[in-house]
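**Q** Dumping the structure here so I can ask a few things about it.
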Amino acid sequence: MLWKAGALVVAMTIVAVAEGGAARAQTPDDGIWISRADLMALPMTGPSWNRILVDAAKDCSLPDLTNQDDLTNVCIMAKALVAARTGDPVRRDDVMAALTVIADGAPYVGRALSLGRELGAYVIAADLIELRAVDPALDVRFRARLSTLLTTPTLSGPASLIECHELRPNNWGAHCGASRIAVAMYLGNQTELARAAAVFKGWVGDRSSYAGFNFSDNLDWQCNPEFPVGINPVGCLKLGQSIDGVLADDQQRSGLFVWPPPQENYVYEALQGALAQAILLDRAGYPAFEWESRALLRAFQWLHTQANFPTDAEDIWEAHVINHYYGTDFPAAVPARPGKNVGWTDWTHPPTGTPPPPPPPPPPTGPTGLTIPKWTVSSVDLVWTDTSGTETAFHIERAGADGVFAEVGVTDADITAYVDNTVSS
């Protein structure tokens with residue numbers, strides 16, 4: 001017969017409670033980025049609004065989807081926000097002019113990363129000004145172009161926007177996923193949206209949802225290199241240090257695991273795309289901010305607590321999103337610069353002031369060194385070493401000749417011995 005003593009059942013319960021936490025109540029509503037009602041309730045005063053007005057008044061230049069550093073996209077998004085909030089026809093016409101360039105432009109020739117960074121803001125802008133109602137003919141052409149851009153061949157890497165999302169578990173895939181989801185929502189393509197949501201859920205850690213990514217060769221920052229994920233799971237430790245919440249495939253750009261951890265900016269680059277995906281999915285009714293024990297919140301907590309690396313410059317808009325959805329108070333300057341893909345969240349996503357519940361404790365480690373110092377025909381003494389300070393009990397299981405384990409007893413926490421009086425010769 002075989003015995004085992006462990007806290008596996010307790011660990012599974014902790015995981016189940018953490019994953020089953022309440023999600024934000026969200027049903028599909030008008031507006032892929034923000035609801036019309038919420039937009040119209042936002043103030044038209046203050047530094048955040050004033051910054052949007054300044055940028056919306058600029059000449060944004062022509063859109064260039066092939067230039068991953070082109071900021072015309074977020075400039076047009078500013079114009080769309082002002083047009084939607086105030087009804088300004090000049091700003092609306094500026095947006096329509098940019099959308100016309102995209103709708104009637106030449107076939108795309110460029111990298112998936114550029115398309116992923118650039119496209120999403122234009123889709124959001126079209127939705128904000130309600131292009132379908134304002135100019136139905138342009139909307140038809142714009143929709144046709146969007147449908148093509150999902151699968152149009154891309155250069156020097158992934159073969160398309162969709163492939164970029166599904167193969168790259170780093171900042172490339174995060175940006176591509178955001179534009180893919182924005183397009184799917186704008187087109188009302190629920191099949192494409194569901195697939196993209198499953199990929200994102202897999203990226204934040206649910207490998208049962210999706211696990212088809214091509215990870216980098218350097219897996220040193222992964223919690224479990226045999227089963228890599230986009231964001232490390234709750235309670236993960238390496239050499240006694242927390243890597244819970246690490247975006248391993250972007251953090252690995254800093255090299256092999258070291259401590260203190262390097263402040264790798266590619267992590268925030270990936271979070272730009274990831275947070276845009278989550279906002280869009282949340283609008284579509286998917287509780288993306290809750291998935292995998294609030295993976296996005298854990299990522300921010302690790303960056304601030306373990307890496308001592310708060311947001312800065314074009315990443316500050318990300319902190320506003322985290323504070324809005326989780327009720328946290330991460331440092332977030334106002335007004336905030338837009339990012340590479342979207343922005344203006346210091347105005348559109350103000351803080352809620354509702355703090356999140358404390359994170360669940362990590363699962364207890366299993367006992368070691370199980371020995372049998374004494375036995376008789378009717379009893380067996382079991383002794384083991386307690387390696388955890390957080391268990392609530394030890395569950396004793398015994399296997400018969402068929403190799404199947406069944407529970408035969410339970411001890412309190414901190415107990416390291418048990419006598420099994422149920423054996424027979």
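Convention: chains lettered A, B, ... in structure tokens order; per-chain residue numbering from 1; ligands numbered from 1 as shown.
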Using backbone DSSP assignments, extract all strand (DSSP E) residues from stretch 207-349 of chain A; output them as a ChimeraX atom specification.

**A** /A:237-238,241-242

**Q** Selection from above, N, CA, C and O atoms, as a CSV table (one decimal), in the first residue's frame, can you write it?

**A**
chain,number,residue,atom,x,y,z
A,237,LEU,N,6.8,31.7,-7.4
A,237,LEU,CA,8.1,32.1,-6.8
A,237,LEU,C,9.2,31.5,-7.6
A,237,LEU,O,9.1,30.4,-8.1
A,238,LYS,N,10.3,32.2,-7.7
A,238,LYS,CA,11.6,31.7,-8.2
A,238,LYS,C,12.7,32.1,-7.4
A,238,LYS,O,12.9,33.3,-7.1
A,241,GLN,N,11.8,34.5,-4.8
A,241,GLN,CA,11.4,35.9,-5.1
A,241,GLN,C,10.1,35.7,-5.9
A,241,GLN,O,9.9,34.8,-6.7
A,242,SER,N,9.2,36.7,-5.8
A,242,SER,CA,7.9,36.7,-6.4
A,242,SER,C,8.0,37.0,-7.9
A,242,SER,O,8.6,38.1,-8.2

**Q** Using only C-alpha atoms, which residues sit within 7 Å of stretch 294-311 of chain A once same-chain residues fewer than 2 positions away are excluded, as a list in words?

**A**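 Residues near the query, excluding close chain neighbours: Val204, Ile231, Asp244, Gly245, Val246, Pro260, Pro261, Pro262, Gln263, Phe289, Glu290, Trp291, Glu292, Asp315, Ile316, Ala319 and Ile322 of chain A.
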
**Q** Could those residues be written to a file, using all heavy atoms, as a short mmCIF file (atom, residue, chain, number, x, y, z; two decimals), in the first residue's frame?

**A**
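Saved as again34.cif:
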data_model
loop_
_atom_site.label_atom_id
_atom_site.label_comp_id
_atom_site.auth_asym_id
_atom_site.auth_seq_id
_atom_site.Cartn_x
_atom_site.Cartn_y
_atom_site.Cartn_z
N VAL A 204 -3.43 35.56 -20.79
CA VAL A 204 -3.33 35.95 -19.38
C VAL A 204 -3.12 34.75 -18.47
O VAL A 204 -2.90 34.91 -17.27
CB VAL A 204 -4.55 36.77 -18.90
CG1 VAL A 204 -4.64 38.09 -19.65
CG2 VAL A 204 -5.84 35.98 -19.02
N ILE A 231 1.14 35.89 -18.73
CA ILE A 231 1.29 36.50 -17.40
C ILE A 231 1.39 35.37 -16.38
O ILE A 231 0.53 34.50 -16.31
CB ILE A 231 0.10 37.42 -17.06
CG1 ILE A 231 0.01 38.57 -18.07
CG2 ILE A 231 0.25 37.99 -15.65
CD1 ILE A 231 -1.12 39.55 -17.80
N ASP A 244 5.05 36.46 -9.63
CA ASP A 244 3.60 36.50 -9.83
C ASP A 244 3.26 37.77 -10.60
O ASP A 244 3.52 38.87 -10.14
CB ASP A 244 2.94 36.48 -8.45
CG ASP A 244 1.44 36.77 -8.46
OD1 ASP A 244 0.91 37.23 -9.48
OD2 ASP A 244 0.81 36.52 -7.43
N GLY A 245 2.67 37.62 -11.79
CA GLY A 245 2.28 38.77 -12.59
C GLY A 245 3.28 39.20 -13.63
O GLY A 245 3.02 40.16 -14.37
N VAL A 246 4.41 38.53 -13.74
CA VAL A 246 5.43 38.92 -14.72
C VAL A 246 4.95 38.58 -16.14
O VAL A 246 4.45 37.49 -16.39
CB VAL A 246 6.77 38.21 -14.44
CG1 VAL A 246 7.75 38.42 -15.57
CG2 VAL A 246 7.36 38.71 -13.13
N PRO A 260 17.82 42.21 -8.03
CA PRO A 260 16.52 42.80 -8.36
C PRO A 260 16.22 42.71 -9.85
O PRO A 260 17.14 42.72 -10.67
CB PRO A 260 16.64 44.25 -7.90
CG PRO A 260 17.81 44.29 -6.98
CD PRO A 260 18.72 43.21 -7.43
N PRO A 261 14.95 42.68 -10.22
CA PRO A 261 14.60 42.52 -11.63
C PRO A 261 14.89 43.79 -12.43
O PRO A 261 14.67 44.90 -11.95
CB PRO A 261 13.09 42.24 -11.59
CG PRO A 261 12.62 42.84 -10.31
CD PRO A 261 13.76 42.69 -9.34
N PRO A 262 15.38 43.64 -13.65
CA PRO A 262 15.59 44.82 -14.51
C PRO A 262 14.26 45.48 -14.85
O PRO A 262 13.22 44.83 -14.94
CB PRO A 262 16.24 44.22 -15.77
CG PRO A 262 16.79 42.90 -15.35
CD PRO A 262 15.87 42.40 -14.28
N GLN A 263 14.31 46.79 -15.03
CA GLN A 263 13.12 47.54 -15.41
C GLN A 263 13.00 47.54 -16.93
O GLN A 263 13.51 48.42 -17.62
CB GLN A 263 13.20 48.97 -14.85
CG GLN A 263 13.20 49.00 -13.32
CD GLN A 263 13.33 50.40 -12.76
OE1 GLN A 263 13.78 51.34 -13.44
NE2 GLN A 263 12.94 50.59 -11.51
N PHE A 289 -10.92 41.84 -17.29
CA PHE A 289 -10.13 42.37 -16.17
C PHE A 289 -10.13 41.42 -14.97
O PHE A 289 -9.32 41.57 -14.06
CB PHE A 289 -10.62 43.75 -15.76
CG PHE A 289 -10.22 44.84 -16.72
CD1 PHE A 289 -11.09 45.27 -17.71
CD2 PHE A 289 -8.96 45.41 -16.65
CE1 PHE A 289 -10.72 46.26 -18.61
CE2 PHE A 289 -8.58 46.41 -17.53
CZ PHE A 289 -9.46 46.83 -18.52
N GLU A 290 -11.05 40.47 -14.95
CA GLU A 290 -11.13 39.52 -13.85
C GLU A 290 -10.40 38.20 -14.14
O GLU A 290 -10.10 37.45 -13.23
CB GLU A 290 -12.59 39.19 -13.53
CG GLU A 290 -13.43 40.39 -13.12
CD GLU A 290 -12.95 41.01 -11.83
OE1 GLU A 290 -12.47 40.25 -10.96
OE2 GLU A 290 -13.04 42.23 -11.71
N TRP A 291 -10.10 37.95 -15.40
CA TRP A 291 -9.56 36.66 -15.79
C TRP A 291 -8.24 36.35 -15.10
O TRP A 291 -7.41 37.24 -14.89
CB TRP A 291 -9.38 36.60 -17.30
CG TRP A 291 -10.67 36.39 -18.05
CD1 TRP A 291 -11.85 35.93 -17.53
CD2 TRP A 291 -10.93 36.66 -19.43
NE1 TRP A 291 -12.82 35.86 -18.50
CE2 TRP A 291 -12.29 36.30 -19.68
CE3 TRP A 291 -10.15 37.14 -20.48
CZ2 TRP A 291 -12.87 36.43 -20.94
CZ3 TRP A 291 -10.73 37.27 -21.74
CH2 TRP A 291 -12.07 36.91 -21.96
N GLU A 292 -8.06 35.07 -14.78
CA GLU A 292 -6.83 34.56 -14.17
C GLU A 292 -6.42 35.37 -12.93
O GLU A 292 -5.32 35.89 -12.82
CB GLU A 292 -5.71 34.51 -15.19
CG GLU A 292 -5.93 33.48 -16.29
CD GLU A 292 -6.14 32.07 -15.74
OE1 GLU A 292 -5.21 31.54 -15.12
OE2 GLU A 292 -7.26 31.53 -15.92
N ASP A 315 3.26 55.74 -21.16
CA ASP A 315 2.62 54.60 -20.50
C ASP A 315 1.70 55.00 -19.35
O ASP A 315 1.03 54.15 -18.78
CB ASP A 315 3.68 53.63 -19.97
CG ASP A 315 4.53 53.02 -21.07
OD1 ASP A 315 3.95 52.64 -22.10
OD2 ASP A 315 5.76 52.94 -20.91
N ILE A 316 1.66 56.27 -19.00
CA ILE A 316 0.88 56.70 -17.85
C ILE A 316 -0.61 56.43 -18.04
O ILE A 316 -1.33 56.13 -17.08
CB ILE A 316 1.14 58.19 -17.54
CG1 ILE A 316 2.58 58.38 -17.06
CG2 ILE A 316 0.16 58.72 -16.48
CD1 ILE A 316 2.97 59.82 -16.83
N ALA A 319 -1.88 53.32 -16.27
CA ALA A 319 -2.18 53.38 -14.83
C ALA A 319 -3.60 53.90 -14.60
O ALA A 319 -4.29 53.45 -13.67
CB ALA A 319 -1.16 54.26 -14.12
N ILE A 322 -5.94 50.93 -15.05
CA ILE A 322 -5.90 50.02 -13.90
C ILE A 322 -6.65 50.62 -12.72
O ILE A 322 -7.45 49.95 -12.05
CB ILE A 322 -4.44 49.71 -13.52
CG1 ILE A 322 -3.75 48.90 -14.62
CG2 ILE A 322 -4.36 48.97 -12.20
CD1 ILE A 322 -4.28 47.51 -14.81
#

**Q** Using only C-alpha atoms, can you tell me which of A:Leu42, A:Ala276, A:Val258, A:Cys223 comes closest to A:Lys340?

**A**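 Smallest separation from A:Lys340 among the options: A:Ala276.
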
**Q** Name the residues of stretch 91-129 of chain A that come out as helix (DSSP H, G or I) in a backbone DSSP run; write them as an MDAnalysis selection string.

**A** chainID A and resid 91:103 112:128

**Q** Restricting it to N, CA and C atoms, dump the selection as a short mmCIF file (atom, residue, chain, number, x, y, z; two decimals), in the first residue's frame.

**A**
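The new file again32.cif reads:
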data_model
loop_
_atom_site.label_atom_id
_atom_site.label_comp_id
_atom_site.auth_asym_id
_atom_site.auth_seq_id
_atom_site.Cartn_x
_atom_site.Cartn_y
_atom_site.Cartn_z
N ARG A 91 -14.28 68.93 -36.07
CA ARG A 91 -13.51 67.79 -35.59
C ARG A 91 -14.05 66.49 -36.20
N ARG A 92 -15.37 66.39 -36.35
CA ARG A 92 -15.94 65.20 -36.98
C ARG A 92 -15.47 65.06 -38.41
N ASP A 93 -15.41 66.17 -39.15
CA ASP A 93 -14.95 66.12 -40.54
C ASP A 93 -13.48 65.74 -40.61
N ASP A 94 -12.68 66.18 -39.65
CA ASP A 94 -11.27 65.78 -39.60
C ASP A 94 -11.15 64.26 -39.47
N VAL A 95 -11.99 63.69 -38.62
CA VAL A 95 -11.97 62.24 -38.43
C VAL A 95 -12.39 61.55 -39.71
N MET A 96 -13.43 62.03 -40.35
CA MET A 96 -13.91 61.40 -41.57
C MET A 96 -12.87 61.48 -42.68
N ALA A 97 -12.12 62.56 -42.74
CA ALA A 97 -11.07 62.68 -43.75
C ALA A 97 -10.00 61.61 -43.54
N ALA A 98 -9.64 61.37 -42.28
CA ALA A 98 -8.65 60.34 -41.99
C ALA A 98 -9.19 58.95 -42.31
N LEU A 99 -10.44 58.71 -41.97
CA LEU A 99 -11.04 57.41 -42.25
C LEU A 99 -11.17 57.17 -43.76
N THR A 100 -11.36 58.24 -44.51
CA THR A 100 -11.42 58.12 -45.96
C THR A 100 -10.08 57.67 -46.53
N VAL A 101 -9.00 58.20 -45.98
CA VAL A 101 -7.65 57.79 -46.42
C VAL A 101 -7.46 56.29 -46.20
N ILE A 102 -7.93 55.80 -45.06
CA ILE A 102 -7.79 54.38 -44.75
C ILE A 102 -8.70 53.54 -45.65
N ALA A 103 -9.95 53.97 -45.78
CA ALA A 103 -10.92 53.19 -46.56
C ALA A 103 -10.54 53.08 -48.02
N ALA A 112 3.04 43.43 -39.30
CA ALA A 112 1.86 43.25 -38.45
C ALA A 112 1.90 44.15 -37.24
N LEU A 113 3.08 44.39 -36.69
CA LEU A 113 3.19 45.24 -35.50
C LEU A 113 2.69 46.64 -35.80
N SER A 114 3.08 47.20 -36.95
CA SER A 114 2.62 48.54 -37.31
C SER A 114 1.11 48.58 -37.44
N LEU A 115 0.55 47.60 -38.12
CA LEU A 115 -0.90 47.56 -38.28
C LEU A 115 -1.59 47.40 -36.93
N GLY A 116 -1.01 46.58 -36.06
CA GLY A 116 -1.59 46.37 -34.73
C GLY A 116 -1.58 47.63 -33.89
N ARG A 117 -0.48 48.37 -33.93
CA ARG A 117 -0.40 49.61 -33.15
C ARG A 117 -1.34 50.69 -33.69
N GLU A 118 -1.43 50.79 -35.01
CA GLU A 118 -2.06 51.95 -35.62
C GLU A 118 -3.57 51.83 -35.82
N LEU A 119 -4.05 50.66 -36.20
CA LEU A 119 -5.41 50.54 -36.71
C LEU A 119 -6.49 50.76 -35.66
N GLY A 120 -6.30 50.24 -34.46
CA GLY A 120 -7.36 50.23 -33.46
C GLY A 120 -7.94 51.59 -33.15
N ALA A 121 -7.10 52.62 -33.04
CA ALA A 121 -7.59 53.95 -32.69
C ALA A 121 -8.52 54.50 -33.76
N TYR A 122 -8.25 54.20 -35.04
CA TYR A 122 -9.13 54.66 -36.11
C TYR A 122 -10.48 53.97 -36.05
N VAL A 123 -10.49 52.70 -35.70
CA VAL A 123 -11.75 51.98 -35.56
C VAL A 123 -12.57 52.57 -34.42
N ILE A 124 -11.91 52.84 -33.30
CA ILE A 124 -12.59 53.46 -32.17
C ILE A 124 -13.12 54.84 -32.56
N ALA A 125 -12.33 55.59 -33.33
CA ALA A 125 -12.76 56.92 -33.76
C ALA A 125 -14.00 56.84 -34.64
N ALA A 126 -14.03 55.87 -35.55
CA ALA A 126 -15.21 55.70 -36.41
C ALA A 126 -16.44 55.40 -35.59
N ASP A 127 -16.27 54.58 -34.56
CA ASP A 127 -17.39 54.25 -33.69
C ASP A 127 -17.84 55.46 -32.88
N LEU A 128 -16.89 56.26 -32.40
CA LEU A 128 -17.23 57.43 -31.58
C LEU A 128 -18.06 58.44 -32.36
#

**Q** Figure out the distance between atom CA of A:Gly389 and atom CA of A:Trp375, please, to one decimal in Å.

**A** 28.8 Å

**Q** Could you check which of A:Glu318, A:Ala248, A:Val183, A:Pro169 is closest to A:Gly212, using only C-alpha atoms?

**A**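 Among the listed residues, the smallest separation from A:Gly212 belongs to A:Pro169.
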
**Q** List the neighbours of A:Trp203 out to 9 Å using only C-alpha atoms; skip same-chain residues closer than 3 positions along the sequence, and give me the result as number ranges by chain.

**A** A: 169, 198-200, 206-207, 209-211, 213, 229-231

**Q** Given only C-alpha atoms as the basis, pick out the residue of A:Met44, A:Ala137, A:Leu65, A:Leu150 nearest to A:Leu187.

**A**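 Nearest candidate to A:Leu187 out of A:Met44, A:Ala137, A:Leu65, A:Leu150: A:Leu150.
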
**Q** With only C-alpha atoms as the counted atoms, please give the residues lying no more than 8 Å from A:Thr411, apart from itself and same-chain residues fewer than 2 positions off, as number ranges by chain.

**A** A: 393-396, 409, 413, 415, 418

**Q** Pick from A:Asn214, A:Thr72, A:Thr148, A:Ser160: nearest to A:Arg111, with only C-alpha atoms counted?

**A**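 Of A:Asn214, A:Thr72, A:Thr148, A:Ser160, the one nearest A:Arg111 is A:Ser160, counting only C-alpha atoms.
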
**Q** Grab the atom CA of A:Ser48 to atom CA of A:Pro335 distance for me, in Å with one decimal place.

**A** 4.7 Å

**Q** Which residues are close to A:Trp49, i.e. within 12 Å by only C-alpha atoms, leaving aside same-chain residues fewer than 2 positions away? Reply as a count of residues only.

**A** 27

**Q** Can you measure atom CA of A:Leu370 to atom CA of A:Leu382 for me? One decimal in Å is fine.

**A** 6.9 Å
